[in-house]
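Printed here is run_7.pdb (PDB, C-alpha atoms, pLDDT in the B column):
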```
ATOM      1  CA  MET P   1     -16.128 131.625 107.346  1.00 58.00           C
ATOM      2  CA  TYR P   2     -18.372 134.643 107.817  1.00 60.00           C
ATOM      3  CA  PHE P   3     -19.851 133.236 111.027  1.00 62.00           C
ATOM      4  CA  ALA P   4     -16.401 132.282 112.339  1.00 61.00           C
ATOM      5  CA  LEU P   5     -14.673 135.603 111.657  1.00 57.00           C
ATOM      6  CA  VAL P   6     -17.234 138.408 111.514  1.00 56.00           C
ATOM      7  CA  LYS P   7     -20.181 137.232 113.569  1.00 59.00           C
ATOM      8  CA  VAL P   8     -18.132 135.943 116.493  1.00 59.00           C
ATOM      9  CA  PHE P   9     -19.940 137.327 119.515  1.00 56.00           C
ATOM     10  CA  ASN P  10     -23.624 137.228 120.448  1.00 59.00           C
ATOM     11  CA  VAL P  11     -24.637 135.149 117.464  1.00 65.00           C
ATOM     12  CA  TYR P  12     -26.685 132.029 117.912  1.00 69.00           C
ATOM     13  CA  VAL P  13     -28.192 130.317 114.913  1.00 69.00           C
ATOM     14  CA  PRO P  14     -29.978 127.149 115.995  1.00 80.00           C
ATOM     15  CA  SER P  15     -28.752 124.078 114.086  1.00 84.00           C
ATOM     16  CA  TYR P  16     -26.738 126.150 111.650  1.00 77.00           C
ATOM     17  CA  ILE P  17     -24.539 123.195 110.603  1.00 81.00           C
ATOM     18  CA  LEU P  18     -27.660 121.221 109.698  1.00 88.00           C
ATOM     19  CA  LYS P  19     -29.045 124.206 107.778  1.00 87.00           C
ATOM     20  CA  PHE P  20     -25.804 124.677 105.854  1.00 83.00           C
ATOM     21  CA  CYS P  21     -25.646 120.955 105.060  1.00 88.00           C
ATOM     22  CA  VAL P  22     -29.219 120.974 103.767  1.00 91.00           C
ATOM     23  CA  LEU P  23     -28.384 124.037 101.670  1.00 88.00           C
ATOM     24  CA  GLY P  24     -25.092 122.591 100.415  1.00 88.00           C
ATOM     25  CA  TRP P  25     -26.545 119.203  99.466  1.00 93.00           C
ATOM     26  CA  GLY P  26     -30.089 120.328  98.655  1.00 93.00           C
ATOM     27  CA  ILE P  27     -29.381 122.881  95.946  1.00 90.00           C
ATOM     28  CA  PRO P  28     -27.288 120.475  93.807  1.00 90.00           C
ATOM     29  CA  LEU P  29     -29.920 117.765  94.353  1.00 93.00           C
ATOM     30  CA  VAL P  30     -32.676 120.093  93.141  1.00 93.00           C
ATOM     31  CA  ILE P  31     -30.605 120.973  90.059  1.00 90.00           C
ATOM     32  CA  CYS P  32     -30.003 117.293  89.250  1.00 88.00           C
ATOM     33  CA  VAL P  33     -33.683 116.444  89.683  1.00 91.00           C
ATOM     34  CA  LEU P  34     -34.747 119.389  87.503  1.00 91.00           C
ATOM     35  CA  VAL P  35     -32.338 118.370  84.747  1.00 90.00           C
ATOM     36  CA  PHE P  36     -33.635 114.805  84.936  1.00 88.00           C
ATOM     37  CA  LEU P  37     -37.280 115.917  84.854  1.00 91.00           C
ATOM     38  CA  VAL P  38     -36.782 118.296  81.925  1.00 89.00           C
ATOM     39  CA  ASN P  39     -34.717 115.896  79.807  1.00 87.00           C
ATOM     40  CA  ARG P  40     -34.285 112.264  80.843  1.00 85.00           C
ATOM     41  CA  ASP P  41     -31.759 111.754  78.064  1.00 86.00           C
ATOM     42  CA  ALA P  42     -29.482 114.507  79.401  1.00 86.00           C
ATOM     43  CA  TYR P  43     -27.590 111.988  81.530  1.00 86.00           C
ATOM     44  CA  GLY P  44     -25.825 109.114  79.854  1.00 84.00           C
ATOM     45  CA  SER P  45     -22.867 106.830  79.973  1.00 83.00           C
ATOM     46  CA  HIS P  46     -19.475 108.404  79.331  1.00 76.00           C
ATOM     47  CA  LEU P  47     -16.257 106.444  78.884  1.00 75.00           C
ATOM     48  CA  TYR P  48     -13.211 108.004  80.516  1.00 73.00           C
ATOM     49  CA  THR P  49      -9.898 106.628  79.293  1.00 74.00           C
ATOM     50  CA  ASP P  50      -6.567 107.269  80.986  1.00 70.00           C
ATOM     51  CA  LYS P  51      -3.968 106.460  78.355  1.00 69.00           C
ATOM     52  CA  SER P  52      -1.019 106.673  80.722  1.00 69.00           C
ATOM     53  CA  LEU P  53      -2.429 103.911  82.933  1.00 66.00           C
ATOM     54  CA  ASP P  54      -4.251 101.925  80.219  1.00 68.00           C
ATOM     55  CA  ASN P  55      -7.356 102.293  82.347  1.00 71.00           C
ATOM     56  CA  SER P  56     -10.913 103.197  81.423  1.00 73.00           C
ATOM     57  CA  ASP P  57     -14.026 103.803  83.490  1.00 77.00           C
ATOM     58  CA  ASP P  58     -17.641 104.196  82.497  1.00 80.00           C
ATOM     59  CA  PHE P  59     -19.638 106.784  84.454  1.00 80.00           C
ATOM     60  CA  CYS P  60     -22.877 108.746  84.255  1.00 82.00           C
ATOM     61  CA  TRP P  61     -22.415 112.294  82.951  1.00 84.00           C
ATOM     62  CA  LEU P  62     -24.279 115.050  81.121  1.00 86.00           C
ATOM     63  CA  GLN P  63     -24.352 114.425  77.373  1.00 87.00           C
ATOM     64  CA  ASP P  64     -25.701 117.795  76.197  1.00 85.00           C
ATOM     65  CA  ASP P  65     -23.310 120.774  76.221  1.00 88.00           C
ATOM     66  CA  VAL P  66     -26.037 123.341  76.932  1.00 89.00           C
ATOM     67  CA  THR P  67     -27.302 121.338  79.891  1.00 89.00           C
ATOM     68  CA  PHE P  68     -23.737 121.000  81.167  1.00 90.00           C
ATOM     69  CA  TYR P  69     -23.078 124.739  81.013  1.00 92.00           C
ATOM     70  CA  VAL P  70     -26.404 125.675  82.586  1.00 89.00           C
ATOM     71  CA  SER P  71     -26.404 123.129  85.401  1.00 89.00           C
ATOM     72  CA  VAL P  72     -22.711 122.656  86.222  1.00 90.00           C
ATOM     73  CA  VAL P  73     -20.697 125.638  85.036  1.00 94.00           C
ATOM     74  CA  ALA P  74     -23.307 128.262  85.956  1.00 92.00           C
ATOM     75  CA  TYR P  75     -23.684 126.726  89.429  1.00 91.00           C
ATOM     76  CA  ALA P  76     -19.903 126.706  89.944  1.00 93.00           C
ATOM     77  CA  VAL P  77     -19.684 130.352  88.821  1.00 96.00           C
ATOM     78  CA  LEU P  78     -22.480 131.344  91.229  1.00 93.00           C
ATOM     79  CA  VAL P  79     -20.732 129.568  94.122  1.00 91.00           C
ATOM     80  CA  PHE P  80     -17.468 131.286  93.193  1.00 95.00           C
ATOM     81  CA  LEU P  81     -19.118 134.727  93.045  1.00 96.00           C
ATOM     82  CA  PHE P  82     -20.842 134.140  96.395  1.00 91.00           C
ATOM     83  CA  ASN P  83     -17.504 133.150  97.966  1.00 91.00           C
ATOM     84  CA  ILE P  84     -15.868 136.283  96.546  1.00 95.00           C
ATOM     85  CA  ALA P  85     -18.693 138.406  97.998  1.00 93.00           C
ATOM     86  CA  VAL P  86     -18.303 136.817 101.450  1.00 85.00           C
ATOM     87  CA  ASN P  87     -14.531 137.250 101.260  1.00 88.00           C
ATOM     88  CA  ASP P  88     -14.970 140.916 100.337  1.00 91.00           C
ATOM     89  CA  CYS P  89     -17.408 141.390 103.225  1.00 86.00           C
ATOM     90  CA  ILE P  90     -14.950 139.848 105.691  1.00 82.00           C
ATOM     91  CA  THR P  91     -12.078 141.922 104.326  1.00 87.00           C
ATOM     92  CA  PHE P  92     -14.160 145.103 104.598  1.00 88.00           C
ATOM     93  CA  LYS P  93     -15.077 144.282 108.229  1.00 82.00           C
ATOM     94  CA  PHE P  94     -11.440 143.665 109.138  1.00 82.00           C
ATOM     95  CA  ILE P  95     -10.278 146.886 107.494  1.00 87.00           C
ATOM     96  CA  HIS P  96     -13.084 148.841 109.165  1.00 83.00           C
ATOM     97  CA  LYS P  97     -12.263 147.402 112.615  1.00 78.00           C
ATOM     98  CA  PHE P  98      -8.555 148.028 112.103  1.00 77.00           C
ATOM     99  CA  LYS P  99      -9.226 151.683 111.233  1.00 79.00           C
ATOM    100  CA  LEU P 100     -11.416 152.086 114.336  1.00 75.00           C
ATOM    101  CA  LEU P 101      -8.705 150.599 116.567  1.00 75.00           C
ATOM    102  CA  LYS P 102      -6.065 152.853 115.047  1.00 74.00           C
ATOM    103  CA  HIS P 103      -7.933 156.061 115.937  1.00 64.00           C
TER     104      HIS P 103
END
```
Using structure tokens, write down the structure that the file contains.
Amino acid sequence: MYFALVKVFNVYVPSYILKFCVLGWGIPLVICVLVFLVNRDAYGSHLYTDKSLDNSDDFCWLQDDVTFYVSVVAYAVLVFLFNIAVNDCITFKFIHKFKLLKH
């Protein structure tokens, strides 16, 4: 969003989609590998039951609450805070440009 709205002109980042994809998929992969290396028993089978559909599925999920909060919730909070910071930066740029055009 920042590149599309703020850095519109005279910006060339070679292979920026590839770089963002590596960043977007690489960071979660590193976190998963670190959790697995630190505690192999952190991941385990979890049974999800949907009572309204009489359906249940078994899937791999974090079993330890501390590991869950450190690796999932903290990561989601960091992504949220980064998005808020980028949104604030874009809003500031728009307000600044609008004030310059007004004068």
Query raised in the report: Which residues match the PyMOL selection byres ((chain P and resi 60-77) around 10) in the file above, as a ChimeraX atom specification?
Result: /P:27-28,31-32,34-35,39,41-47,58-59,78-83
Requested in this report: Grab the atom CA of Arg40 of chain P to atom CA of Asp57 of chain P distance for me, in Å with one decimal place.
Outcome: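 Separation of atom CA of Arg40 of chain P and atom CA of Asp57 of chain P: 22.1 Å.
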Query raised in the report: atom CA of Leu100 of chain P and atom CA of Ile84 of chain P are how many Å apart?
Result: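 Atom-to-atom, atom CA of Leu100 of chain P and atom CA of Ile84 of chain P are spaced 24.2 Å apart.
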Report summary line: re atom CA of Ala85 of chain P and atom CA of Lys97 of chain P: distance 18.3 Å
